[in-house]
Amino acid sequence: MTALNLRRAQVRSPQDQGRRIPAHFTAQQRAFVQAVRDTPQHLVLRATAGSGKTTTLTEAAWHLDVGRPVIYFAYNKHSVTEVGPRLPPRVWASTLHAYGRRLLCKERDAQLEVDPEKSLRLAHTLYQDERVDRRVIRAAGRVWDAAREYGLDGDAHEDDLVGLALAAEWPEDQGLPALRRVMHGMRQLSLQAWQEGGLPDFTDFLWLPLELGYAAGSLGVALVDEAQDLTPLRQWFVTHLLGLQEEVQQAGRLIAVGDPEQSIYGYAGADPAGLWRLAQRIGARELPLSVSFRCPGTHIALARNASSFIEPAPQVKPGVVDHIEADKAVYRRGDVILSRLNAPLVRAALILMTRNVSVHIRGRDLAVRLETAAQEAFPETFGQELVRDLVNAVYERRAKPLVTKAREGDLAAKKALGELKDLCACLRLLALRAVSMGGGKTDANGVSGVLRGLYHEDADVLLSTVHRAKGLEWDRVTVLYPELMPSPHGDPEEERCVLFVALTRSKDTLRLAYGKESWANGWRLKPADLPQAVPHEEEVVWHAEPLLPLTPSSDVVQKGGRAEVVSRQASAEHVPQPPRRQTSGVRPEDLAAHAQRVREATRTVKLEDGRPLALFNGSDVMQVSLLWERLEALVEEPRPALQEWAQGSLTLLRSVTGKRVHLDLGVLTLVERAANQVRLAVPLLQALDAKQVPVVVFAESFARLRVGQVTRRGDRVWSVTVEGQALRFDPRTGELLGEGFTPRAVHLRWKAS
């Protein structure tokens with residue numbers, strides 16, 4: 001283990017005992033360090049972006065008074081390298097996996113390599129005496145990887161297994177009993193492989209010490225940074241080392257720092273809420289670190305659209321916020337461009353290259369995936385006329401196994417489809433550029449050559465997805481297409497966090513670069529209320545949940561503590577104007593005419609809907625195109641009553657001539673959530689006979705399928721007994737008779753025709 005990955009612990013030196021808390025620390029920072037120094041409590045520090053959390057945590061390490069080992073757990077190797085020199089010599093810095101690997105090496109008395117294919121190899125062993133499809137074997141390997149990270153075993157609750165099956169893309173025809181068998185079998189094979197001298201995989205570095213009880217209660221204090229990104233396995237590994245899960249004579253102390261508003265790795269198994277549940281379970285005291293020193297006041301005002309926790313520093317500078325049109329943006333050396341997706345970055349990078357501006361896109365894994373896709377898409381020489389068809393063929397081949405799963409509510413499949421679309425958009429851009437550079441014809445090598453041009457270490461402009469920018473900061477940051485965040489296709493909570501991270505990376509100048517349509521229509525991200533007055537040029541107009549962009553023809557008023565969007569007649573001064581340098585020489589009457597056109601194009605339309613479950617005529621606002629897309633997805637549902645409701649809403653929506661519409665977002669969310677729960681319903685574990693039907697019954701978080709005994713099959717009424725209760729259903733729709741349509745009502749499970 002290198003000195004960078006693990007620094008040797010020593011007992012506290014006499015010089016440390018009289019160390020004073022730095023004078024420049026804020027009251028919040030001082031309160032945390034004092035709690036570390038003066039109490040034995042477990043502590044959780046909720047620290048916002050740019051609040052100096054690492055500085056605060058490393059300072060706290062100097063004030064610990066313990067003789068037992070102290071470990072500072074950083075998120076990755078880069079963080080370990082950065083924080084190591086700032087710690088006292090008695091505190092080690094390590095990643096969790098590096099520390100777990102060290103424990104295994106100590107047990108084996110040897111340096112251990114990693115077996116990255118261990119799960120797949122064990123899955124082959126598990127099925128060696130059976131003739132099964134290779135997809136089942138691969139799925140078994142994924143199940144074992146995910147099960148360990150989520151902290152599940154074969155005896156887990158049925159609801160947890162449903163979530164695991166979705167995350168690991170477990171074949172539906174295999175069922176939950178087979179899934180339990182895989183988990184029990186893979187656990188036994190994994191432990192046997194270790195006992196017989198086999199190599200661990202990456203997850204084993206944490207899982208094996210937990211399973212075998214290595215080093216339980218061996219730590220005096222664990223300082224954990226970026227705690228919001230801990231998976232359940234990583235949380236339990238830390239508490240295991242502290243002896244908080246076992247009966248030990250002297251348990252250790254947990255001091256964790258995290259920010260739930262920056263939890264953007266949900267796809268990797270991170271559970272931000274789990275940290276706070278853990279804190280409550282062990283009786284940890286929660287302290288705030290809400291003041292951001294990185295972000296100027298104007299940036300914080302924007303970021304408060306995504307987080308009401310962040311606050312400005314006492315003498316915060318106003319900073320610069322520029323609203324610009326993306327296609328007309330000018331970049332200079334040292335600029336950073338952020339985007340939610342990769343395709344906008346590739347497009348921007350190619351344009352900059354034509355202007356002799358060197359670029360570098362963070363993340364070599366994208367280059368590897370694009371290189372592989374290029375070899376698949378372009379086996380022969382091609383021209384511009386074939387680019388679209390060749391790339392679409394790649395998409396169709398790769399998307400085919402995902403489409404059905406996505407329609408059935410598989411969130412992992414939906415995410416994979418979105419990533420595939422982004423990858424193919426990147427590939428199309430690279431191919432068109434390669435054709436242009438090749439004089440009208442090129443091949444896969446030509447595409448690879450263009451791709452290599454996007455990666456220059458000492459580049460003028462750095463480009464990065466928001467996910468890869470987490471934890472970093474720059475002076476001048478441009479966020480491409482902020483109107484696309486939060487994405488409607490991702491997890492709402494995670495997408496809100498993505499927007500927050502994007503808006504808090506700049507220390508001086510933040511530029512929001514909009515697409516052509518959004519720019520022409522006057523869409524601008526507005527600042528939210530600040531907890532104290534901070535001078536900035538933008539008008540503070542709204543702060544609402546969920547995050548909805550404010551149109552030029554809407555305002556927000558507070559009613560009973562709830563933000564409501566209401567329509568108003570806007571005047572020219574309320575319409576966002578282009579930057580002043582672009583309006584010189586323009587006549588006032590031309591600006592007024594432009595303002596009127598913008599109002600007419602973006603006015604909010606209010607619809608009347610007298611149905612009991614009304615979607616429209618609410619106080620929320622949404623783009624018509626986005627609402628149309630969400631309703632069309634519901635039209636595909638197998639439940640006839642839900643189809644009818646969605647189709648009726650679409651019919652009403654066809655009368656809208658503007659680009660935005662009032663609606664009751666709570667109703668739409670309720671219907672979508674109910675539909676998703678039905679797709680994820682816990683399957684029946686038995687075959688049904690002719691007198692039985694599946695009945696959907698909603699629980700707290702899932703819809704469950706129960707067996708209903710049919711006592712009478714009439715033309716207009718079916719009488720069904722479900723768990724001792726006699727119910728009557730309409731056989732045409734499967735709905736309860738006389739109840740009307742309620743999203744979470746008990747109903748028969750009809751298969752889609």
# chains A, B, ... in the order shown; residues from 1 in each chain; ligands from 1
call {"tool": "residues_around", "arguments": {"residues": "range 433-439 of chain A", "least_positions_apart": "4", "cutoff": "12 Å", "atoms": "only C-alpha atoms", "output": "MDAnalysis selection string"}}
result
chainID A and resid 346:347 349:351 353:354 374 378 381:387 426:429 443:453
call {"tool": "select_by_dssp", "arguments": {"residues": "range 301-392 of chain A", "states": "alpha helix (DSSP H)", "output": "PDB file with C-alpha atoms, in the first residue's frame"}}
result
ATOM      1  CA  ALA A 301     -29.603  32.714  -6.010  1.00  0.00           C
ATOM      2  CA  LEU A 302     -29.827  30.453  -9.060  1.00  0.00           C
ATOM      3  CA  ALA A 303     -28.729  27.345  -7.154  1.00  0.00           C
ATOM      4  CA  ALA A 343     -23.586  14.886 -27.253  1.00  0.00           C
ATOM      5  CA  PRO A 344     -23.738  18.677 -26.656  1.00  0.00           C
ATOM      6  CA  LEU A 345     -20.133  18.516 -25.453  1.00  0.00           C
ATOM      7  CA  VAL A 346     -18.965  16.658 -28.560  1.00  0.00           C
ATOM      8  CA  ARG A 347     -20.794  19.124 -30.813  1.00  0.00           C
ATOM      9  CA  ALA A 348     -19.279  22.112 -29.011  1.00  0.00           C
ATOM     10  CA  ALA A 349     -15.815  20.536 -29.086  1.00  0.00           C
ATOM     11  CA  LEU A 350     -15.983  19.894 -32.852  1.00  0.00           C
ATOM     12  CA  ILE A 351     -17.026  23.483 -33.484  1.00  0.00           C
ATOM     13  CA  LEU A 352     -14.170  24.783 -31.352  1.00  0.00           C
ATOM     14  CA  MET A 353     -11.692  22.574 -33.204  1.00  0.00           C
ATOM     15  CA  THR A 354     -12.692  24.228 -36.490  1.00  0.00           C
ATOM     16  CA  ARG A 364     -11.683   8.452 -21.307  1.00  0.00           C
ATOM     17  CA  ASP A 365     -14.434   5.867 -20.909  1.00  0.00           C
ATOM     18  CA  LEU A 366     -16.557   7.826 -23.395  1.00  0.00           C
ATOM     19  CA  ALA A 367     -13.757   7.560 -25.959  1.00  0.00           C
ATOM     20  CA  VAL A 368     -13.574   3.781 -25.437  1.00  0.00           C
ATOM     21  CA  ARG A 369     -17.334   3.366 -25.883  1.00  0.00           C
ATOM     22  CA  LEU A 370     -17.353   5.558 -28.991  1.00  0.00           C
ATOM     23  CA  GLU A 371     -14.385   3.681 -30.469  1.00  0.00           C
ATOM     24  CA  THR A 372     -16.222   0.379 -30.020  1.00  0.00           C
ATOM     25  CA  ALA A 373     -19.439   1.796 -31.485  1.00  0.00           C
ATOM     26  CA  ALA A 374     -17.562   3.200 -34.492  1.00  0.00           C
ATOM     27  CA  GLN A 375     -16.059  -0.195 -35.300  1.00  0.00           C
ATOM     28  CA  GLU A 376     -19.548  -1.714 -35.079  1.00  0.00           C
ATOM     29  CA  ALA A 377     -21.284   0.964 -37.157  1.00  0.00           C
ATOM     30  CA  GLN A 384     -22.578  11.392 -45.541  1.00  0.00           C
ATOM     31  CA  GLU A 385     -25.751   9.902 -47.001  1.00  0.00           C
ATOM     32  CA  LEU A 386     -25.244   6.656 -45.007  1.00  0.00           C
ATOM     33  CA  VAL A 387     -24.333   8.121 -41.609  1.00  0.00           C
ATOM     34  CA  ARG A 388     -27.845   8.340 -40.210  1.00  0.00           C
ATOM     35  CA  ASP A 389     -28.871   4.836 -41.313  1.00  0.00           C
ATOM     36  CA  LEU A 390     -25.654   3.195 -40.094  1.00  0.00           C
ATOM     37  CA  VAL A 391     -25.847   4.838 -36.666  1.00  0.00           C
ATOM     38  CA  ASN A 392     -29.571   4.087 -36.384  1.00  0.00           C
TER      39      ASN A 392
END
call {"tool": "residues_around", "arguments": {"residues": "range 735-741 of chain A", "least_positions_apart": "4", "cutoff": "10 Å", "atoms": "only C-alpha atoms", "output": "ChimeraX atom specification"}}
result
/A:612-613,639-642,644-645,716-718,727-731,745-749
call {"tool": "atom_distance", "arguments": {"atom1": "CA of Leu417 in chain A", "atom2": "CA of Ala399 in chain A"}}
result
6.5 Å
call {"tool": "atom_distance", "arguments": {"atom1": "CA of Gly213 in chain A", "atom2": "CA of Leu242 in chain A"}}
result
12.1 Å
call {"tool": "residues_around", "arguments": {"residues": "Met183 in chain A", "least_positions_apart": "3", "cutoff": "12 Å", "atoms": "only C-alpha atoms", "output": "MDAnalysis selection string"}}
result
chainID A and resid 119 122:123 126 139:148 151:156 161 164:165 176:180 186:190
call {"tool": "atom_distance", "arguments": {"atom1": "CA of Ile255 in chain A", "atom2": "CA of Val291 in chain A"}}
result
19.7 Å
call {"tool": "residues_around", "arguments": {"residues": "range 695-712 of chain A", "least_positions_apart": "3", "cutoff": "12 Å", "atoms": "only C-alpha atoms", "output": "VMD selection string"}}
result
chain A and resid 158 to 163 639 673 to 692 715 to 729 731 734 to 736 742 to 751
call {"tool": "residues_around", "arguments": {"residues": "Asp458 in chain A", "least_positions_apart": "2", "cutoff": "10 Å", "atoms": "only C-alpha atoms", "output": "CSV table (one decimal) with all heavy atoms, in the first residue's frame"}}
result
chain,number,residue,atom,x,y,z
A,358,SER,N,-8.0,24.2,-29.0
A,358,SER,CA,-7.8,22.9,-28.5
A,358,SER,C,-8.8,22.5,-27.4
A,358,SER,O,-9.1,23.4,-26.6
A,358,SER,CB,-6.4,22.7,-28.0
A,358,SER,OG,-6.1,23.5,-27.0
A,359,VAL,N,-9.2,21.3,-27.3
A,359,VAL,CA,-10.3,20.9,-26.4
A,359,VAL,C,-9.9,19.6,-25.7
A,359,VAL,O,-9.0,18.8,-26.2
A,359,VAL,CB,-11.6,20.7,-27.1
A,359,VAL,CG1,-12.1,22.0,-27.7
A,359,VAL,CG2,-11.6,19.6,-28.2
A,360,HIS,N,-10.5,19.4,-24.5
A,360,HIS,CA,-10.3,18.1,-23.8
A,360,HIS,C,-11.6,17.8,-23.1
A,360,HIS,O,-12.1,18.6,-22.4
A,360,HIS,CB,-9.2,18.2,-22.8
A,360,HIS,CG,-9.0,16.9,-22.0
A,360,HIS,ND1,-8.4,15.8,-22.6
A,360,HIS,CD2,-9.4,16.6,-20.8
A,360,HIS,CE1,-8.4,14.8,-21.7
A,360,HIS,NE2,-9.0,15.3,-20.6
A,455,TYR,N,-9.2,15.0,-27.3
A,455,TYR,CA,-8.6,14.7,-26.0
A,455,TYR,C,-7.1,15.3,-26.0
A,455,TYR,O,-6.2,14.6,-26.5
A,455,TYR,CB,-8.6,13.2,-25.7
A,455,TYR,CG,-9.9,12.7,-25.5
A,455,TYR,CD1,-10.7,12.2,-26.5
A,455,TYR,CD2,-10.4,12.6,-24.2
A,455,TYR,CE1,-12.0,11.7,-26.3
A,455,TYR,CE2,-11.7,12.1,-23.9
A,455,TYR,CZ,-12.5,11.7,-25.0
A,455,TYR,OH,-13.8,11.2,-24.7
A,456,HIS,N,-7.0,16.5,-25.6
A,456,HIS,CA,-5.7,17.2,-25.5
A,456,HIS,C,-5.5,17.6,-24.0
A,456,HIS,O,-6.3,18.4,-23.5
A,456,HIS,CB,-5.6,18.4,-26.4
A,456,HIS,CG,-5.5,18.1,-27.8
A,456,HIS,ND1,-4.3,17.7,-28.4
A,456,HIS,CD2,-6.4,18.1,-28.8
A,456,HIS,CE1,-4.6,17.5,-29.7
A,456,HIS,NE2,-5.8,17.7,-30.0
A,460,ASP,N,-7.1,24.3,-24.5
A,460,ASP,CA,-7.6,25.7,-24.2
A,460,ASP,C,-8.9,25.6,-23.4
A,460,ASP,O,-9.1,26.4,-22.5
A,460,ASP,CB,-7.8,26.5,-25.5
A,460,ASP,CG,-6.5,26.7,-26.3
A,460,ASP,OD1,-5.5,26.9,-25.6
A,460,ASP,OD2,-6.6,26.6,-27.5
A,461,VAL,N,-9.8,24.7,-23.8
A,461,VAL,CA,-11.1,24.6,-23.2
A,461,VAL,C,-11.4,23.2,-22.7
A,461,VAL,O,-11.1,22.2,-23.4
A,461,VAL,CB,-12.2,25.0,-24.2
A,461,VAL,CG1,-13.6,24.8,-23.6
A,461,VAL,CG2,-12.0,26.5,-24.7
A,462,LEU,N,-11.9,23.1,-21.5
A,462,LEU,CA,-12.2,21.8,-20.9
A,462,LEU,C,-13.7,21.6,-21.0
A,462,LEU,O,-14.5,22.5,-20.7
A,462,LEU,CB,-11.7,21.8,-19.4
A,462,LEU,CG,-12.1,20.5,-18.6
A,462,LEU,CD1,-11.3,19.3,-19.1
A,462,LEU,CD2,-11.8,20.7,-17.1
call {"tool": "residues_around", "arguments": {"residues": "range 217-224 of chain A", "least_positions_apart": "4", "cutoff": "7 Å", "atoms": "only C-alpha atoms", "output": "list in words"}}
result
Arg68, Pro69, Val70, Ile71, Tyr72, Phe73, Ala74, His240, Leu241, Leu242, Gly243, Val248, Ala251, Gly252, Arg253, Leu254, Ile255, Ala256 and Val257 of chain A
